[in-house]
$ cat model18.txt   # compact mmCIF, N, CA and C atoms
# COMPACT_ATOMS: atom_id res chain seq x y z
N GLN M 1 76.20 100.14 72.23
CA GLN M 1 75.42 100.43 73.40
C GLN M 1 76.28 100.31 74.65
N VAL M 2 75.80 100.92 75.70
CA VAL M 2 76.54 100.89 76.96
C VAL M 2 76.66 99.46 77.47
N GLN M 3 77.86 99.11 77.90
CA GLN M 3 78.09 97.80 78.53
C GLN M 3 79.03 97.98 79.70
N LEU M 4 78.68 97.38 80.81
CA LEU M 4 79.50 97.41 82.02
C LEU M 4 79.61 95.98 82.52
N VAL M 5 80.84 95.51 82.66
CA VAL M 5 81.07 94.13 83.07
C VAL M 5 81.93 94.14 84.33
N GLU M 6 81.33 93.75 85.44
CA GLU M 6 82.02 93.71 86.72
C GLU M 6 82.57 92.30 86.99
N SER M 7 83.71 92.23 87.64
CA SER M 7 84.30 90.94 87.98
C SER M 7 85.17 91.09 89.21
N GLY M 8 85.58 89.95 89.76
CA GLY M 8 86.52 89.96 90.87
C GLY M 8 85.93 89.65 92.23
N GLY M 9 84.62 89.49 92.29
CA GLY M 9 84.00 89.19 93.58
C GLY M 9 84.30 87.77 94.03
N GLY M 10 83.83 87.45 95.22
CA GLY M 10 84.03 86.11 95.75
C GLY M 10 83.74 86.05 97.23
N LEU M 11 84.12 84.92 97.81
CA LEU M 11 83.96 84.70 99.25
C LEU M 11 85.29 84.98 99.93
N VAL M 12 85.26 85.80 100.96
CA VAL M 12 86.49 86.17 101.66
C VAL M 12 86.19 86.24 103.15
N ARG M 13 87.20 85.93 103.95
CA ARG M 13 87.03 85.99 105.41
C ARG M 13 87.10 87.43 105.89
N PRO M 14 86.49 87.73 107.02
CA PRO M 14 86.63 89.08 107.59
C PRO M 14 88.10 89.46 107.74
N GLY M 15 88.40 90.69 107.36
CA GLY M 15 89.79 91.16 107.37
C GLY M 15 90.51 90.94 106.07
N GLY M 16 89.91 90.21 105.17
CA GLY M 16 90.54 89.91 103.90
C GLY M 16 90.41 91.04 102.88
N SER M 17 90.91 90.77 101.69
CA SER M 17 90.94 91.78 100.62
C SER M 17 90.43 91.19 99.31
N LEU M 18 89.89 92.05 98.49
CA LEU M 18 89.49 91.72 97.13
C LEU M 18 89.70 92.95 96.26
N THR M 19 89.93 92.72 94.98
CA THR M 19 89.97 93.80 94.01
C THR M 19 88.92 93.54 92.95
N LEU M 20 88.00 94.46 92.81
CA LEU M 20 86.96 94.37 91.79
C LEU M 20 87.38 95.15 90.55
N SER M 21 86.95 94.67 89.40
CA SER M 21 87.27 95.32 88.14
C SER M 21 85.98 95.54 87.35
N CYS M 22 85.95 96.65 86.62
CA CYS M 22 84.80 96.97 85.78
C CYS M 22 85.32 97.36 84.40
N ALA M 23 84.85 96.69 83.38
CA ALA M 23 85.20 97.02 82.00
C ALA M 23 84.01 97.73 81.37
N ALA M 24 84.24 98.93 80.87
CA ALA M 24 83.16 99.76 80.33
C ALA M 24 83.34 99.92 78.83
N SER M 25 82.23 100.02 78.11
CA SER M 25 82.27 100.27 76.67
C SER M 25 80.95 100.90 76.24
N GLY M 26 80.98 101.48 75.04
CA GLY M 26 79.75 102.02 74.46
C GLY M 26 79.44 103.47 74.80
N PHE M 27 80.36 104.11 75.49
CA PHE M 27 80.18 105.53 75.80
C PHE M 27 81.57 106.14 76.03
N PRO M 28 81.68 107.48 75.98
CA PRO M 28 83.00 108.13 76.14
C PRO M 28 83.46 108.07 77.59
N PHE M 29 84.04 106.96 77.95
CA PHE M 29 84.39 106.65 79.34
C PHE M 29 85.19 107.77 79.98
N ASN M 30 86.17 108.32 79.25
CA ASN M 30 87.08 109.27 79.88
C ASN M 30 86.46 110.64 80.14
N THR M 31 85.17 110.79 79.82
CA THR M 31 84.49 112.05 80.12
C THR M 31 83.52 111.93 81.30
N TYR M 32 83.41 110.72 81.86
CA TYR M 32 82.43 110.49 82.91
C TYR M 32 83.07 110.21 84.26
N THR M 33 82.51 110.81 85.29
CA THR M 33 82.80 110.38 86.65
C THR M 33 82.16 109.01 86.85
N MET M 34 82.92 108.10 87.43
CA MET M 34 82.43 106.73 87.63
C MET M 34 82.33 106.41 89.11
N ASN M 35 81.35 105.59 89.42
CA ASN M 35 81.11 105.17 90.81
C ASN M 35 81.10 103.65 90.91
N TRP M 36 81.43 103.16 92.07
CA TRP M 36 81.10 101.80 92.49
C TRP M 36 79.92 101.90 93.45
N TYR M 37 78.94 101.05 93.19
CA TYR M 37 77.76 100.96 94.03
C TYR M 37 77.68 99.55 94.61
N ARG M 38 76.87 99.40 95.63
CA ARG M 38 76.61 98.06 96.14
C ARG M 38 75.17 97.97 96.63
N GLN M 39 74.66 96.75 96.58
CA GLN M 39 73.31 96.49 97.08
C GLN M 39 73.33 95.22 97.91
N ALA M 40 73.04 95.38 99.18
CA ALA M 40 72.96 94.25 100.09
C ALA M 40 71.52 93.73 100.11
N PRO M 41 71.33 92.48 100.48
CA PRO M 41 69.98 91.93 100.53
C PRO M 41 69.05 92.78 101.39
N GLY M 42 67.90 93.13 100.84
CA GLY M 42 66.90 93.89 101.58
C GLY M 42 67.20 95.36 101.73
N LYS M 43 68.27 95.82 101.07
CA LYS M 43 68.65 97.23 101.19
C LYS M 43 68.67 97.89 99.82
N GLU M 44 68.62 99.21 99.82
CA GLU M 44 68.72 99.96 98.57
C GLU M 44 70.17 100.01 98.09
N ARG M 45 70.32 100.17 96.80
CA ARG M 45 71.65 100.32 96.23
C ARG M 45 72.26 101.64 96.71
N GLU M 46 73.53 101.62 97.06
CA GLU M 46 74.21 102.80 97.56
C GLU M 46 75.55 102.96 96.86
N SER M 47 75.98 104.21 96.74
CA SER M 47 77.29 104.49 96.19
C SER M 47 78.33 104.35 97.30
N VAL M 48 79.43 103.67 97.01
CA VAL M 48 80.50 103.52 98.00
C VAL M 48 81.77 104.26 97.61
N ALA M 49 81.97 104.53 96.31
CA ALA M 49 83.19 105.20 95.90
C ALA M 49 82.95 105.89 94.56
N GLN M 50 83.68 106.97 94.35
CA GLN M 50 83.52 107.76 93.14
C GLN M 50 84.88 108.29 92.71
N ILE M 51 85.08 108.40 91.38
CA ILE M 51 86.32 108.96 90.86
C ILE M 51 86.00 109.81 89.64
N THR M 52 86.51 111.01 89.61
CA THR M 52 86.26 111.90 88.49
C THR M 52 87.08 111.47 87.27
N SER M 53 86.74 112.05 86.13
CA SER M 53 87.23 111.52 84.86
C SER M 53 88.70 111.79 84.61
N ILE M 54 89.13 113.02 84.77
CA ILE M 54 90.50 113.39 84.40
C ILE M 54 91.37 113.62 85.63
N ALA M 55 90.91 114.43 86.54
CA ALA M 55 91.70 114.73 87.74
C ALA M 55 91.75 113.56 88.70
N ARG M 56 90.85 112.59 88.50
CA ARG M 56 90.81 111.40 89.35
C ARG M 56 90.62 111.77 90.83
N ILE M 57 89.78 112.73 91.07
CA ILE M 57 89.42 113.07 92.44
C ILE M 57 88.48 112.00 92.97
N THR M 58 88.77 111.50 94.16
CA THR M 58 87.99 110.40 94.71
C THR M 58 87.15 110.84 95.90
N ASN M 59 86.08 110.09 96.13
CA ASN M 59 85.19 110.34 97.27
C ASN M 59 84.64 108.99 97.71
N TYR M 60 84.46 108.83 99.01
CA TYR M 60 84.05 107.54 99.55
C TYR M 60 82.91 107.70 100.55
N ALA M 61 82.08 106.69 100.63
CA ALA M 61 81.10 106.62 101.71
C ALA M 61 81.85 106.45 103.04
N ASP M 62 81.28 107.00 104.08
CA ASP M 62 81.93 106.93 105.39
C ASP M 62 82.19 105.47 105.80
N SER M 63 81.30 104.58 105.40
CA SER M 63 81.40 103.19 105.83
C SER M 63 82.60 102.46 105.24
N VAL M 64 83.20 102.99 104.17
CA VAL M 64 84.33 102.30 103.53
C VAL M 64 85.59 103.15 103.51
N LYS M 65 85.48 104.37 103.97
CA LYS M 65 86.63 105.29 103.94
C LYS M 65 87.81 104.70 104.70
N GLY M 66 88.97 104.74 104.08
CA GLY M 66 90.17 104.20 104.69
C GLY M 66 90.38 102.72 104.42
N ARG M 67 89.37 102.06 103.88
CA ARG M 67 89.49 100.62 103.59
C ARG M 67 89.42 100.33 102.10
N PHE M 68 88.66 101.12 101.35
CA PHE M 68 88.47 100.91 99.91
C PHE M 68 89.22 101.99 99.15
N THR M 69 89.73 101.63 97.96
CA THR M 69 90.39 102.58 97.08
C THR M 69 89.89 102.38 95.66
N ILE M 70 89.39 103.45 95.08
CA ILE M 70 88.92 103.40 93.69
C ILE M 70 90.00 103.98 92.78
N SER M 71 90.14 103.39 91.60
CA SER M 71 91.09 103.91 90.61
C SER M 71 90.52 103.64 89.23
N ARG M 72 91.12 104.26 88.22
CA ARG M 72 90.64 104.06 86.85
C ARG M 72 91.80 104.15 85.88
N ASP M 73 91.60 103.49 84.74
CA ASP M 73 92.56 103.54 83.63
C ASP M 73 91.76 103.96 82.41
N ASN M 74 91.88 105.22 82.03
CA ASN M 74 91.09 105.72 80.91
C ASN M 74 91.53 105.12 79.57
N ALA M 75 92.76 104.67 79.48
CA ALA M 75 93.24 104.04 78.24
C ALA M 75 92.59 102.66 78.04
N LYS M 76 92.25 102.03 79.15
CA LYS M 76 91.66 100.68 79.08
C LYS M 76 90.18 100.67 79.40
N ASN M 77 89.61 101.83 79.67
CA ASN M 77 88.18 101.92 80.02
C ASN M 77 87.82 101.01 81.18
N THR M 78 88.65 101.04 82.22
CA THR M 78 88.39 100.19 83.39
C THR M 78 88.39 101.01 84.67
N VAL M 79 87.63 100.52 85.63
CA VAL M 79 87.58 101.09 86.98
C VAL M 79 87.83 99.95 87.95
N LEU M 80 88.69 100.18 88.92
CA LEU M 80 89.01 99.17 89.93
C LEU M 80 88.52 99.62 91.29
N LEU M 81 88.24 98.64 92.15
CA LEU M 81 87.93 98.92 93.54
C LEU M 81 88.74 97.96 94.40
N GLN M 82 89.77 98.48 95.06
CA GLN M 82 90.57 97.69 95.98
C GLN M 82 89.89 97.75 97.34
N MET M 83 89.54 96.58 97.86
CA MET M 83 88.83 96.51 99.14
C MET M 83 89.68 95.77 100.15
N ASN M 84 90.03 96.45 101.22
CA ASN M 84 90.83 95.86 102.30
C ASN M 84 90.03 95.83 103.59
N SER M 85 90.51 95.05 104.54
CA SER M 85 89.86 94.96 105.86
C SER M 85 88.35 94.75 105.73
N LEU M 86 88.00 93.80 104.90
CA LEU M 86 86.58 93.57 104.63
C LEU M 86 85.84 93.09 105.87
N GLU M 87 84.59 93.52 105.97
CA GLU M 87 83.72 93.22 107.10
C GLU M 87 82.47 92.50 106.60
N PRO M 88 81.81 91.73 107.45
CA PRO M 88 80.57 91.08 107.00
C PRO M 88 79.55 92.08 106.44
N GLU M 89 79.57 93.30 106.95
CA GLU M 89 78.63 94.33 106.46
C GLU M 89 78.92 94.77 105.02
N ASP M 90 80.08 94.37 104.49
CA ASP M 90 80.41 94.69 103.10
C ASP M 90 79.80 93.69 102.12
N THR M 91 79.18 92.65 102.64
CA THR M 91 78.55 91.65 101.77
C THR M 91 77.44 92.29 100.95
N ALA M 92 77.56 92.16 99.62
CA ALA M 92 76.61 92.80 98.71
C ALA M 92 76.98 92.42 97.29
N VAL M 93 76.09 92.78 96.36
CA VAL M 93 76.44 92.75 94.94
C VAL M 93 76.99 94.13 94.60
N TYR M 94 78.16 94.14 93.97
CA TYR M 94 78.84 95.39 93.64
C TYR M 94 78.71 95.68 92.14
N TYR M 95 78.41 96.93 91.84
CA TYR M 95 78.22 97.38 90.46
C TYR M 95 79.06 98.63 90.21
N CYS M 96 79.49 98.82 88.98
CA CYS M 96 80.04 100.11 88.59
C CYS M 96 79.05 100.78 87.65
N ASN M 97 79.10 102.10 87.63
CA ASN M 97 78.24 102.85 86.72
C ASN M 97 78.64 104.32 86.77
N LYS M 98 78.03 105.09 85.89
CA LYS M 98 78.26 106.51 85.87
C LYS M 98 77.72 107.14 87.16
N ARG M 99 78.27 108.27 87.55
CA ARG M 99 77.74 109.01 88.68
C ARG M 99 76.27 109.34 88.44
N GLY M 100 75.45 109.13 89.45
CA GLY M 100 74.05 109.49 89.36
C GLY M 100 73.17 108.48 88.65
N ALA M 101 73.72 107.34 88.27
CA ALA M 101 72.90 106.32 87.60
C ALA M 101 71.75 105.89 88.52
N GLY M 102 70.59 105.70 87.90
CA GLY M 102 69.42 105.34 88.68
C GLY M 102 68.78 104.07 88.17
N PRO M 103 67.63 103.72 88.74
CA PRO M 103 66.96 102.46 88.38
C PRO M 103 66.62 102.36 86.90
N GLY M 104 66.39 103.48 86.25
CA GLY M 104 66.02 103.45 84.84
C GLY M 104 67.19 103.35 83.87
N ASP M 105 68.39 103.39 84.43
CA ASP M 105 69.58 103.32 83.59
C ASP M 105 70.03 101.88 83.41
N TYR M 106 70.91 101.68 82.44
CA TYR M 106 71.50 100.35 82.24
C TYR M 106 72.40 100.02 83.42
N TRP M 107 72.32 98.78 83.88
CA TRP M 107 73.21 98.26 84.91
C TRP M 107 73.77 96.92 84.45
N GLY M 108 75.02 96.67 84.75
CA GLY M 108 75.61 95.36 84.47
C GLY M 108 75.08 94.32 85.44
N GLN M 109 75.69 93.14 85.36
CA GLN M 109 75.19 92.03 86.19
C GLN M 109 75.72 92.10 87.61
N GLY M 110 76.74 92.92 87.83
CA GLY M 110 77.32 93.04 89.15
C GLY M 110 78.21 91.85 89.50
N THR M 111 78.89 91.97 90.62
CA THR M 111 79.73 90.87 91.11
C THR M 111 79.48 90.72 92.61
N GLN M 112 79.26 89.48 93.04
CA GLN M 112 78.89 89.20 94.42
C GLN M 112 80.13 89.17 95.30
N VAL M 113 80.07 89.91 96.38
CA VAL M 113 81.10 89.87 97.42
C VAL M 113 80.45 89.36 98.69
N THR M 114 81.02 88.29 99.23
CA THR M 114 80.51 87.72 100.47
C THR M 114 81.65 87.66 101.48
N VAL M 115 81.44 88.29 102.62
CA VAL M 115 82.45 88.32 103.68
C VAL M 115 81.91 87.50 104.84
N SER M 116 82.55 86.37 105.06
CA SER M 116 82.05 85.46 106.09
C SER M 116 83.16 84.54 106.55
N SER M 117 83.11 84.16 107.81
CA SER M 117 84.08 83.21 108.33
C SER M 117 83.54 81.79 108.19
$ encode --input "model18.txt" --output "structure tokens"
Amino acid sequence: QVQLVESGGGLVRPGGSLTLSCAASGFPFNTYTMNWYRQAPGKERESVAQITSIARITNYADSVKGRFTISRDNAKNTVLLQMNSLEPEDTAVYYCNKRGAGPGDYWGQGTQVTVSS
């Protein structure tokens, strides 16, 4: 069955950096476009970064463009999110999933990112 395990979150000061990792299994990972999503308290889950399966074409939300970098390793079934110049507004639970995943789909436990001084 599908399994997504996110890790790498934590508490970081404004301007700091974190790298999130997602280990995927249970589906043909190298055929799917993958996204990183986040959900802040009281807000809806939103996509922040996307990477296509083979060409590795990336796309970012305007709010993170220039600060976040998504990458993937199809041999290891992993997706990374390098986050630089973090801001308090980046505080959220971060999840990885297939492009277009919705509330009815499987979601991992996510990883908490807190940006605070």
$ residues_around --input "model18.txt" --residues "segment 9-25 of chain M" --least-positions-apart "5" --cutoff "7 Å" --atoms "all atoms listed in the file" --output "list in words"
Gln1, Val2, Gln3, Leu4, Lys76, Asn77, Thr78, Val79, Leu80, Leu81, Gln82, Met83, Asn84, Ser85, Leu86, Glu87, Pro88, Cys96, Thr111, Gln112, Val113, Thr114, Val115, Ser116 and Ser117 of chain M
$ atom_distance --input "model18.txt" --atom1 "atom CA of Arg67 of chain M" --atom2 "atom CA of Gly42 of chain M"
23.7 Å
$ residues_around --input "model18.txt" --residues "Gly108 of chain M" --least-positions-apart "2" --cutoff "6 Å" --atoms "only N, CA and C atoms" --output "PDB file with N, CA and C atoms, in the coordinates of the input"
ATOM      1  N   LEU M   4      78.680  97.380  80.810  1.00  0.00           N
ATOM      2  CA  LEU M   4      79.500  97.410  82.020  1.00  0.00           C
ATOM      3  C   LEU M   4      79.610  95.980  82.520  1.00  0.00           C
ATOM      4  N   VAL M   5      80.840  95.510  82.660  1.00  0.00           N
ATOM      5  CA  VAL M   5      81.070  94.130  83.070  1.00  0.00           C
ATOM      6  C   VAL M   5      81.930  94.140  84.330  1.00  0.00           C
ATOM      7  N   TYR M 106      70.910 101.680  82.440  1.00  0.00           N
ATOM      8  CA  TYR M 106      71.500 100.350  82.240  1.00  0.00           C
ATOM      9  C   TYR M 106      72.400 100.020  83.420  1.00  0.00           C
ATOM     10  N   GLY M 110      76.740  92.920  87.830  1.00  0.00           N
ATOM     11  CA  GLY M 110      77.320  93.040  89.150  1.00  0.00           C
ATOM     12  C   GLY M 110      78.210  91.850  89.500  1.00  0.00           C
TER      13      GLY M 110
END
$ closest_residue --input "model18.txt" --among "M:Ala49, M:Arg38, M:Tyr94, M:Gly104" --to "Phe68 of chain M" --atoms "all atoms listed in the file"
M:Ala49
$ closest_residue --input "model18.txt" --among "M:Trp36, M:Gly8, M:Ala101, M:Ala92" --to "Ile70 of chain M" --atoms "all atoms listed in the file"
M:Trp36
$ select_by_dssp --input "model18.txt" --residues "chain M" --states "strand (DSSP E or B)" --output "mmCIF file with N, CA and C atoms, in the coordinates of the input"
data_model
loop_
_atom_site.group_PDB
_atom_site.id
_atom_site.type_symbol
_atom_site.label_atom_id
_atom_site.label_comp_id
_atom_site.auth_asym_id
_atom_site.auth_seq_id
_atom_site.Cartn_x
_atom_site.Cartn_y
_atom_site.Cartn_z
ATOM 1 N N GLN M 3 77.860 99.110 77.900
ATOM 2 C CA GLN M 3 78.090 97.800 78.530
ATOM 3 C C GLN M 3 79.030 97.980 79.700
ATOM 4 N N LEU M 4 78.680 97.380 80.810
ATOM 5 C CA LEU M 4 79.500 97.410 82.020
ATOM 6 C C LEU M 4 79.610 95.980 82.520
ATOM 7 N N VAL M 5 80.840 95.510 82.660
ATOM 8 C CA VAL M 5 81.070 94.130 83.070
ATOM 9 C C VAL M 5 81.930 94.140 84.330
ATOM 10 N N GLU M 6 81.330 93.750 85.440
ATOM 11 C CA GLU M 6 82.020 93.710 86.720
ATOM 12 C C GLU M 6 82.570 92.300 86.990
ATOM 13 N N SER M 7 83.710 92.230 87.640
ATOM 14 C CA SER M 7 84.300 90.940 87.980
ATOM 15 C C SER M 7 85.170 91.090 89.210
ATOM 16 N N GLY M 10 83.830 87.450 95.220
ATOM 17 C CA GLY M 10 84.030 86.110 95.750
ATOM 18 C C GLY M 10 83.740 86.050 97.230
ATOM 19 N N LEU M 11 84.120 84.920 97.810
ATOM 20 C CA LEU M 11 83.960 84.700 99.250
ATOM 21 C C LEU M 11 85.290 84.980 99.930
ATOM 22 N N VAL M 12 85.260 85.800 100.960
ATOM 23 C CA VAL M 12 86.490 86.170 101.660
ATOM 24 C C VAL M 12 86.190 86.240 103.150
ATOM 25 N N LEU M 18 89.890 92.050 98.490
ATOM 26 C CA LEU M 18 89.490 91.720 97.130
ATOM 27 C C LEU M 18 89.700 92.950 96.260
ATOM 28 N N THR M 19 89.930 92.720 94.980
ATOM 29 C CA THR M 19 89.970 93.800 94.010
ATOM 30 C C THR M 19 88.920 93.540 92.950
ATOM 31 N N LEU M 20 88.000 94.460 92.810
ATOM 32 C CA LEU M 20 86.960 94.370 91.790
ATOM 33 C C LEU M 20 87.380 95.150 90.550
ATOM 34 N N SER M 21 86.950 94.670 89.400
ATOM 35 C CA SER M 21 87.270 95.320 88.140
ATOM 36 C C SER M 21 85.980 95.540 87.350
ATOM 37 N N CYS M 22 85.950 96.650 86.620
ATOM 38 C CA CYS M 22 84.800 96.970 85.780
ATOM 39 C C CYS M 22 85.320 97.360 84.400
ATOM 40 N N ALA M 23 84.850 96.690 83.380
ATOM 41 C CA ALA M 23 85.200 97.020 82.000
ATOM 42 C C ALA M 23 84.010 97.730 81.370
ATOM 43 N N ALA M 24 84.240 98.930 80.870
ATOM 44 C CA ALA M 24 83.160 99.760 80.330
ATOM 45 C C ALA M 24 83.340 99.920 78.830
ATOM 46 N N SER M 25 82.230 100.020 78.110
ATOM 47 C CA SER M 25 82.270 100.270 76.670
ATOM 48 C C SER M 25 80.950 100.900 76.240
ATOM 49 N N MET M 34 82.920 108.100 87.430
ATOM 50 C CA MET M 34 82.430 106.730 87.630
ATOM 51 C C MET M 34 82.330 106.410 89.110
ATOM 52 N N ASN M 35 81.350 105.590 89.420
ATOM 53 C CA ASN M 35 81.110 105.170 90.810
ATOM 54 C C ASN M 35 81.100 103.650 90.910
ATOM 55 N N TRP M 36 81.430 103.160 92.070
ATOM 56 C CA TRP M 36 81.100 101.800 92.490
ATOM 57 C C TRP M 36 79.920 101.900 93.450
ATOM 58 N N TYR M 37 78.940 101.050 93.190
ATOM 59 C CA TYR M 37 77.760 100.960 94.030
ATOM 60 C C TYR M 37 77.680 99.550 94.610
ATOM 61 N N ARG M 38 76.870 99.400 95.630
ATOM 62 C CA ARG M 38 76.610 98.060 96.140
ATOM 63 C C ARG M 38 75.170 97.970 96.630
ATOM 64 N N GLN M 39 74.660 96.750 96.580
ATOM 65 C CA GLN M 39 73.310 96.490 97.080
ATOM 66 C C GLN M 39 73.330 95.220 97.910
ATOM 67 N N GLU M 46 73.530 101.620 97.060
ATOM 68 C CA GLU M 46 74.210 102.800 97.560
ATOM 69 C C GLU M 46 75.550 102.960 96.860
ATOM 70 N N SER M 47 75.980 104.210 96.740
ATOM 71 C CA SER M 47 77.290 104.490 96.190
ATOM 72 C C SER M 47 78.330 104.350 97.300
ATOM 73 N N VAL M 48 79.430 103.670 97.010
ATOM 74 C CA VAL M 48 80.500 103.520 98.000
ATOM 75 C C VAL M 48 81.770 104.260 97.610
ATOM 76 N N ALA M 49 81.970 104.530 96.310
ATOM 77 C CA ALA M 49 83.190 105.200 95.900
ATOM 78 C C ALA M 49 82.950 105.890 94.560
ATOM 79 N N GLN M 50 83.680 106.970 94.350
ATOM 80 C CA GLN M 50 83.520 107.760 93.140
ATOM 81 C C GLN M 50 84.880 108.290 92.710
ATOM 82 N N ILE M 51 85.080 108.400 91.380
ATOM 83 C CA ILE M 51 86.320 108.960 90.860
ATOM 84 C C ILE M 51 86.000 109.810 89.640
ATOM 85 N N THR M 58 88.770 111.500 94.160
ATOM 86 C CA THR M 58 87.990 110.400 94.710
ATOM 87 C C THR M 58 87.150 110.840 95.900
ATOM 88 N N ASN M 59 86.080 110.090 96.130
ATOM 89 C CA ASN M 59 85.190 110.340 97.270
ATOM 90 C C ASN M 59 84.640 108.990 97.710
ATOM 91 N N TYR M 60 84.460 108.830 99.010
ATOM 92 C CA TYR M 60 84.050 107.540 99.550
ATOM 93 C C TYR M 60 82.910 107.700 100.550
ATOM 94 N N PHE M 68 88.660 101.120 101.350
ATOM 95 C CA PHE M 68 88.470 100.910 99.910
ATOM 96 C C PHE M 68 89.220 101.990 99.150
ATOM 97 N N THR M 69 89.730 101.630 97.960
ATOM 98 C CA THR M 69 90.390 102.580 97.080
ATOM 99 C C THR M 69 89.890 102.380 95.660
ATOM 100 N N ILE M 70 89.390 103.450 95.080
ATOM 101 C CA ILE M 70 88.920 103.400 93.690
ATOM 102 C C ILE M 70 90.000 103.980 92.780
ATOM 103 N N SER M 71 90.140 103.390 91.600
ATOM 104 C CA SER M 71 91.090 103.910 90.610
ATOM 105 C C SER M 71 90.520 103.640 89.230
ATOM 106 N N ARG M 72 91.120 104.260 88.220
ATOM 107 C CA ARG M 72 90.640 104.060 86.850
ATOM 108 C C ARG M 72 91.800 104.150 85.880
ATOM 109 N N ASP M 73 91.600 103.490 84.740
ATOM 110 C CA ASP M 73 92.560 103.540 83.630
ATOM 111 C C ASP M 73 91.760 103.960 82.410
ATOM 112 N N THR M 78 88.650 101.040 82.220
ATOM 113 C CA THR M 78 88.390 100.190 83.390
ATOM 114 C C THR M 78 88.390 101.010 84.670
ATOM 115 N N VAL M 79 87.630 100.520 85.630
ATOM 116 C CA VAL M 79 87.580 101.090 86.980
ATOM 117 C C VAL M 79 87.830 99.950 87.950
ATOM 118 N N LEU M 80 88.690 100.180 88.920
ATOM 119 C CA LEU M 80 89.010 99.170 89.930
ATOM 120 C C LEU M 80 88.520 99.620 91.290
ATOM 121 N N LEU M 81 88.240 98.640 92.150
ATOM 122 C CA LEU M 81 87.930 98.920 93.540
ATOM 123 C C LEU M 81 88.740 97.960 94.400
ATOM 124 N N GLN M 82 89.770 98.480 95.060
ATOM 125 C CA GLN M 82 90.570 97.690 95.980
ATOM 126 C C GLN M 82 89.890 97.750 97.340
ATOM 127 N N MET M 83 89.540 96.580 97.860
ATOM 128 C CA MET M 83 88.830 96.510 99.140
ATOM 129 C C MET M 83 89.680 95.770 100.150
ATOM 130 N N ALA M 92 77.560 92.160 99.620
ATOM 131 C CA ALA M 92 76.610 92.800 98.710
ATOM 132 C C ALA M 92 76.980 92.420 97.290
ATOM 133 N N VAL M 93 76.090 92.780 96.360
ATOM 134 C CA VAL M 93 76.440 92.750 94.940
ATOM 135 C C VAL M 93 76.990 94.130 94.600
ATOM 136 N N TYR M 94 78.160 94.140 93.970
ATOM 137 C CA TYR M 94 78.840 95.390 93.640
ATOM 138 C C TYR M 94 78.710 95.680 92.140
ATOM 139 N N TYR M 95 78.410 96.930 91.840
ATOM 140 C CA TYR M 95 78.220 97.380 90.460
ATOM 141 C C TYR M 95 79.060 98.630 90.210
ATOM 142 N N CYS M 96 79.490 98.820 88.980
ATOM 143 C CA CYS M 96 80.040 100.110 88.590
ATOM 144 C C CYS M 96 79.050 100.780 87.650
ATOM 145 N N ASN M 97 79.100 102.100 87.630
ATOM 146 C CA ASN M 97 78.240 102.850 86.720
ATOM 147 C C ASN M 97 78.640 104.320 86.770
ATOM 148 N N LYS M 98 78.030 105.090 85.890
ATOM 149 C CA LYS M 98 78.260 106.510 85.870
ATOM 150 C C LYS M 98 77.720 107.140 87.160
ATOM 151 N N THR M 111 78.890 91.970 90.620
ATOM 152 C CA THR M 111 79.730 90.870 91.110
ATOM 153 C C THR M 111 79.480 90.720 92.610
ATOM 154 N N GLN M 112 79.260 89.480 93.040
ATOM 155 C CA GLN M 112 78.890 89.200 94.420
ATOM 156 C C GLN M 112 80.130 89.170 95.300
ATOM 157 N N VAL M 113 80.070 89.910 96.380
ATOM 158 C CA VAL M 113 81.100 89.870 97.420
ATOM 159 C C VAL M 113 80.450 89.360 98.690
ATOM 160 N N THR M 114 81.020 88.290 99.230
ATOM 161 C CA THR M 114 80.510 87.720 100.470
ATOM 162 C C THR M 114 81.650 87.660 101.480
ATOM 163 N N VAL M 115 81.440 88.290 102.620
ATOM 164 C CA VAL M 115 82.450 88.320 103.680
ATOM 165 C C VAL M 115 81.910 87.500 104.840
#
$ closest_residue --input "model18.txt" --among "M:Thr31, M:Trp107, M:Ile51, M:Tyr37" --to "Tyr95 of chain M" --atoms "all atoms listed in the file"
M:Tyr37
$ residues_around --input "model18.txt" --residues "Pro103 of chain M" --least-positions-apart "5" --cutoff "12 Å" --atoms "only C-alpha atoms" --output "PyMOL selection string"
chain M and resi 44-46+97+108
$ write_last_selection --input "model18.txt" --atoms "N, CA and C atoms" --output "PDB file, keeping the file's coordinate frame"
ATOM      1  N   GLU M  44      68.620  99.210  99.820  1.00  0.00           N
ATOM      2  CA  GLU M  44      68.720  99.960  98.570  1.00  0.00           C
ATOM      3  C   GLU M  44      70.170 100.010  98.090  1.00  0.00           C
ATOM      4  N   ARG M  45      70.320 100.170  96.800  1.00  0.00           N
ATOM      5  CA  ARG M  45      71.650 100.320  96.230  1.00  0.00           C
ATOM      6  C   ARG M  45      72.260 101.640  96.710  1.00  0.00           C
ATOM      7  N   GLU M  46      73.530 101.620  97.060  1.00  0.00           N
ATOM      8  CA  GLU M  46      74.210 102.800  97.560  1.00  0.00           C
ATOM      9  C   GLU M  46      75.550 102.960  96.860  1.00  0.00           C
ATOM     10  N   ASN M  97      79.100 102.100  87.630  1.00  0.00           N
ATOM     11  CA  ASN M  97      78.240 102.850  86.720  1.00  0.00           C
ATOM     12  C   ASN M  97      78.640 104.320  86.770  1.00  0.00           C
ATOM     13  N   GLY M 108      75.020  96.670  84.750  1.00  0.00           N
ATOM     14  CA  GLY M 108      75.610  95.360  84.470  1.00  0.00           C
ATOM     15  C   GLY M 108      75.080  94.320  85.440  1.00  0.00           C
TER      16      GLY M 108
END
$ closest_residue --input "model18.txt" --among "M:Glu6, M:Asp90, M:Asp62, M:Asp73" --to "Gln39 of chain M" --atoms "only C-alpha atoms"
M:Asp90
$ closest_residue --input "model18.txt" --among "M:Ser71, M:Ser7, M:Gln109, M:Asn30" --to "Thr58 of chain M" --atoms "all atoms listed in the file"
M:Ser71
$ select_by_dssp --input "model18.txt" --residues "segment 16-97 of chain M" --states "helix (DSSP H, G or I)" --output "list in words"
Phe29, Asn30, Thr31, Pro88, Glu89 and Asp90 of chain M
$ atom_distance --input "model18.txt" --atom1 "atom N of Gln50 of chain M" --atom2 "atom CA of Met34 of chain M"
6.8 Å
$ atom_distance --input "model18.txt" --atom1 "atom CA of Gly66 of chain M" --atom2 "atom CA of Pro28 of chain M"
29.7 Å
